[in-house]
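> Pasting run.cif below, which is mmCIF, C-alpha atoms.
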```
data_upload
#
loop_
_atom_site.label_atom_id
_atom_site.label_comp_id
_atom_site.auth_asym_id
_atom_site.auth_seq_id
_atom_site.Cartn_x
_atom_site.Cartn_y
_atom_site.Cartn_z
CA MET A 202 0.00 0.00 0.00
CA ARG A 203 1.28 3.38 -0.96
CA LYS A 204 1.40 6.16 1.66
CA VAL A 205 -0.13 9.53 0.60
CA LYS A 206 2.12 12.49 1.29
CA GLY A 207 0.59 15.77 2.56
CA PHE A 208 0.15 18.02 5.54
CA THR A 209 -1.72 17.07 8.66
CA LEU A 210 -4.50 19.26 9.98
CA MET A 211 -2.27 20.31 12.89
CA GLU A 212 0.50 21.44 10.56
CA VAL A 213 -1.93 23.52 8.48
CA ILE A 214 -3.39 25.12 11.64
CA GLY A 215 0.13 25.87 12.90
CA VAL A 216 1.11 27.60 9.64
CA MET A 217 -2.14 29.61 9.63
CA ALA A 218 -1.48 30.71 13.23
CA VAL A 219 2.03 31.92 12.35
CA ILE A 220 0.67 33.85 9.34
CA ALA A 221 -2.04 35.44 11.53
CA ILE A 222 0.54 36.51 14.13
CA ILE A 223 2.81 38.05 11.48
CA ALA A 224 -0.16 39.86 9.88
CA SER A 225 -1.33 41.24 13.25
CA VAL A 226 2.13 42.67 13.91
CA ALA A 227 2.76 44.01 10.39
CA THR A 228 -0.65 45.53 9.59
CA PRO A 229 -0.55 48.41 12.12
CA ARG A 230 2.97 49.27 11.02
CA ILE A 231 1.94 49.33 7.37
CA PHE A 232 -1.04 51.59 8.11
CA GLY A 233 1.18 53.78 10.31
CA ALA A 234 3.67 54.14 7.45
CA ILE A 235 0.84 55.13 5.09
CA GLN A 236 -0.37 57.78 7.57
CA ASP A 237 3.19 59.10 8.03
CA ALA A 238 3.58 59.36 4.25
CA LYS A 239 0.35 61.39 4.03
CA VAL A 240 1.60 63.75 6.75
CA THR A 241 4.95 64.20 5.00
CA ALA A 242 3.24 64.88 1.67
CA GLN A 243 0.89 67.44 3.27
CA VAL A 244 3.81 69.23 4.95
CA GLN A 245 5.56 69.37 1.55
CA GLU A 246 2.38 70.86 0.05
CA ILE A 247 2.37 73.54 2.77
CA ASN A 248 6.04 74.38 2.17
CA LYS A 249 5.45 74.53 -1.60
CA LEU A 250 2.60 76.98 -0.98
CA LYS A 251 4.73 79.22 1.24
CA THR A 252 7.21 79.58 -1.62
CA ALA A 253 4.47 80.09 -4.23
CA ILE A 254 2.65 82.83 -2.36
CA ALA A 255 5.91 84.63 -1.55
CA ALA A 256 6.77 84.69 -5.27
CA TYR A 257 3.22 85.76 -6.15
CA TYR A 258 3.34 88.59 -3.61
CA LYS A 259 6.79 89.70 -4.84
CA ASP A 260 5.47 89.92 -8.41
CA THR A 261 2.00 91.39 -7.79
CA GLY A 262 2.13 93.13 -4.40
CA ARG A 263 -0.94 91.18 -3.26
CA TYR A 264 -1.85 87.77 -1.89
CA PRO A 265 -3.54 85.08 -3.99
CA ARG A 266 -6.98 83.54 -3.89
CA HIS A 267 -6.75 79.93 -5.04
CA VAL A 268 -9.52 77.33 -4.92
CA PRO A 269 -8.58 74.23 -6.94
CA SER A 270 -12.17 72.92 -7.13
CA HIS A 271 -13.59 76.24 -8.40
CA MET A 272 -14.04 76.49 -12.17
CA ASP A 273 -13.72 80.29 -12.41
CA GLU A 274 -10.16 81.33 -13.36
CA ARG A 275 -10.42 84.31 -10.97
CA TYR A 276 -9.99 81.77 -8.14
CA HIS A 277 -6.86 80.15 -9.55
CA ASN A 278 -4.38 82.99 -8.96
CA LEU A 279 -1.41 80.67 -8.45
CA MET A 280 -1.94 78.88 -11.77
CA VAL A 281 -3.71 81.33 -14.11
CA ASN A 282 -3.75 85.08 -14.69
CA PRO A 283 -7.46 85.77 -15.26
CA SER A 284 -8.08 86.98 -18.81
CA ALA A 285 -11.16 89.04 -17.86
CA ALA A 286 -9.26 91.05 -15.21
CA PRO A 287 -5.50 90.40 -15.54
CA ILE A 288 -3.39 90.81 -12.41
CA ALA A 289 -0.60 93.33 -12.93
CA GLY A 290 2.88 91.84 -12.50
CA TRP A 291 1.63 88.23 -12.61
CA ASN A 292 4.56 86.09 -13.74
CA GLY A 293 3.28 82.57 -13.03
CA PRO A 294 2.24 79.92 -12.87
CA TYR A 295 3.49 79.77 -9.30
CA LEU A 296 2.72 76.08 -8.82
CA GLU A 297 3.97 73.28 -11.08
CA ALA A 298 0.79 71.27 -10.50
CA GLU A 299 -2.61 71.89 -8.96
CA LEU A 300 -2.87 71.65 -5.17
CA THR A 301 -3.75 68.24 -3.77
CA ASN A 302 -5.21 67.53 -0.35
CA GLN A 303 -2.81 64.75 0.58
CA ILE A 304 -4.91 63.51 3.50
CA VAL A 305 -8.25 63.12 1.71
CA ARG A 306 -8.04 62.89 -2.08
CA GLY A 307 -10.58 65.31 -3.47
CA GLY A 308 -11.05 66.98 -0.07
CA TYR A 309 -11.85 70.70 -0.10
CA GLN A 310 -8.94 73.13 0.09
CA ASP A 311 -8.23 76.78 -0.64
CA VAL A 312 -5.66 79.54 -0.25
CA ASP A 313 -6.82 82.99 0.84
CA TYR A 314 -6.14 85.70 3.41
CA SER A 315 -8.35 87.06 6.18
CA ASN A 316 -8.33 88.58 9.63
CA SER A 317 -11.55 86.76 10.59
CA SER A 318 -11.28 85.03 13.96
CA VAL A 319 -12.11 81.64 12.41
CA TYR A 320 -8.87 81.91 10.40
CA ALA A 321 -6.93 83.66 13.17
CA CYS A 322 -3.30 82.76 13.67
CA ASP A 323 -1.84 82.86 17.17
CA LEU A 324 1.79 82.00 16.51
CA ASP A 325 3.09 82.53 20.04
CA GLY A 326 0.20 80.74 21.77
CA ASN A 327 -0.71 83.63 24.06
CA GLY A 328 -4.41 83.52 23.09
CA VAL A 329 -4.25 86.74 21.04
CA GLN A 330 -4.63 86.85 17.25
CA ASP A 331 -1.32 87.88 15.63
CA GLY A 332 -2.78 89.82 12.69
CA THR A 333 -3.97 88.95 9.22
CA PHE A 334 -2.45 85.94 7.48
CA ALA A 335 -2.47 84.26 4.12
CA PHE A 336 -3.65 80.76 4.93
CA TYR A 337 -4.16 77.35 3.41
CA ARG A 338 -7.31 75.51 4.46
CA PHE A 339 -7.60 71.76 3.93
CA ASP A 340 -10.46 69.57 5.10
CA GLY A 341 -11.00 65.99 6.20
CA VAL A 342 -8.07 65.72 8.60
CA PRO A 343 -8.50 63.65 11.78
CA ASP A 344 -6.88 64.89 15.01
CA SER A 345 -4.14 62.25 14.95
CA LEU A 346 -2.86 63.41 11.54
CA ALA A 347 -3.49 67.13 12.19
CA GLU A 348 -1.40 66.93 15.35
CA LYS A 349 1.42 65.20 13.45
CA ILE A 350 1.31 67.94 10.79
CA SER A 351 1.39 70.55 13.56
CA ASN A 352 4.37 68.81 15.18
CA ALA A 353 6.24 68.76 11.85
CA VAL A 354 5.56 72.40 10.94
CA ASP A 355 5.59 74.04 14.38
CA GLN A 356 8.11 71.64 15.97
CA ASP A 357 5.72 71.41 18.93
CA GLY A 358 6.42 67.73 19.53
CA GLY A 359 6.33 68.32 23.27
CA VAL A 360 2.54 68.53 23.13
CA THR A 361 1.07 65.41 24.71
CA SER A 362 -1.94 63.67 23.20
CA GLY A 363 -4.12 64.85 26.09
CA ASP A 364 -3.16 68.50 25.52
CA LYS A 365 -5.16 70.08 22.72
CA SER A 366 -3.35 73.45 22.65
CA TRP A 367 -1.98 72.76 19.14
CA LYS A 368 -5.57 73.16 17.90
CA LYS A 369 -5.63 76.86 18.70
CA ALA A 370 -2.03 78.08 18.36
CA GLY A 371 0.89 77.88 15.98
CA ARG A 372 1.08 77.83 12.18
CA ILE A 373 -1.03 74.67 12.02
CA ARG A 374 -4.32 74.84 13.90
CA ARG A 375 -7.95 73.86 13.76
CA TYR A 376 -10.46 76.06 11.92
CA ASN A 377 -12.06 78.27 14.56
CA GLY A 378 -9.83 76.53 17.13
CA ASP A 379 -12.03 73.48 17.57
CA HIS A 380 -13.38 72.14 14.25
CA THR A 381 -13.16 68.37 13.98
CA SER A 382 -11.72 68.06 10.45
CA ILE A 383 -10.67 71.45 9.00
CA VAL A 384 -7.03 72.52 9.36
CA ILE A 385 -5.66 76.02 8.79
CA ALA A 386 -2.00 76.45 7.85
CA CYS A 387 -0.84 80.04 8.35
CA LEU A 388 1.49 80.75 5.43
CA ALA A 389 2.49 84.41 5.67
CA ARG A 390 1.64 87.51 7.68
CA VAL A 391 -0.23 89.98 5.47
#
```
Go ahead and express the file in the form of structure tokens.

Amino acid sequence: MRKVKGFTLMEVIGVMAVIAIIASVATPRIFGAIQDAKVTAQVQEINKLKTAIAAYYKDTGRYPRHVPSHMDERYHNLMVNPSAAPIAGWNGPYLEAELTNQIVRGGYQDVDYSNSSVYACDLDGNGVQDGTFAFYRFDGVPDSLAEKISNAVDQDGGVTSGDKSWKKAGRIRRYNGDHTSIVIACLARV
């Protein structure tokens, strides 16, 4: 009689258990790496915007209004000089490619300037608005990623997870100080 070669049920269960253990250890690290890559890409987008608006201001003497999702060329100052009302001194485009919300693909974003309290920038964290700023607003950002972006831009890594002060102060903060998904990046003092 010939003996059939194969794996026993116990061997198969043992291999499946090892695979499950490896997957349970690796999966959080993979997702963490993906989240870290999104944060890094968003910080690069913010730095690219700082350079673009500085060049725009140098050329035109004013700050841009840029809303990537808006179809009207008047709201694409960093990419297009509007033909209906050309901007004097415009020497762009100031961005190589359209802005991308790196956290939520297709998420709302815009560049503007305002002294409204909902866009207020308190760079020193003393609770007082530090003037009017050109800002970049991007939506759909959970606290965990917003805090990482704040740590990268403001170097406020000493903020503990229980302390929410990053939401109201620094260059990266929450819209109106407490919104659950909208982040404001203060780019330049107007």
> Tyr276 of chain A: which residues within 10 Å, counting all atoms listed in the file, same-chain residues fewer than 3 positions away excluded, as a list in words?
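Selected residues are Pro265, Arg266, His267, Val268, Pro269, Ser270, His271, Met272, Asp273, Leu279, Met280, Val281, Asn282, Pro283, Asp311, Val312 and Asp313 of chain A.
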> Rank A:Ala370, A:Ile247, A:Ala234, A:Met217 by their smallest atom-to-atom distance to Gln330 of chain A, using only C-alpha atoms, and report the top residue only.
A:Ala370
> To one decimal place, how far is atom CA of Ala253 of chain A from atom CA of Ile288 of chain A in Å?
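Between these atoms lies a distance of 15.6 Å.
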> Here is a test: counting all atoms listed in the file, which residue of A:Leu324, A:Ala289, A:Val240, A:Val205 is nearest to Ser345 of chain A?
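Among the listed residues, the smallest separation from Ser345 of chain A belongs to A:Val240.
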> Counting all atoms listed in the file, which residues have an atom no more than 9 Å from (-3.5, 66.9, 14.3) in the file's coordinates? Please list them as number ranges by chain.
A: 342-352, 367-368, 373-375, 384
> Skipping near chain neighbours, those fewer than 3 positions away, what residues fall within 8 Å of Ala335 of chain A using only C-alpha atoms, listed as a list in words?
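So the residues in contact are Tyr264, Val312, Asp313, Tyr314, Ser315, Cys387, Leu388, Ala389, Arg390 and Val391 of chain A.
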> For atom CA of Leu300 of chain A and atom CA of Leu250 of chain A, determine how far apart the two atoms are, in Å to one decimal place.
8.7 Å
> Which is closest to Arg263 of chain A among A:Asp355, A:Trp291, A:Ala285, A:Thr241, if we use all atoms listed in the file?
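Closest residue, counting all atoms listed in the file: A:Trp291.
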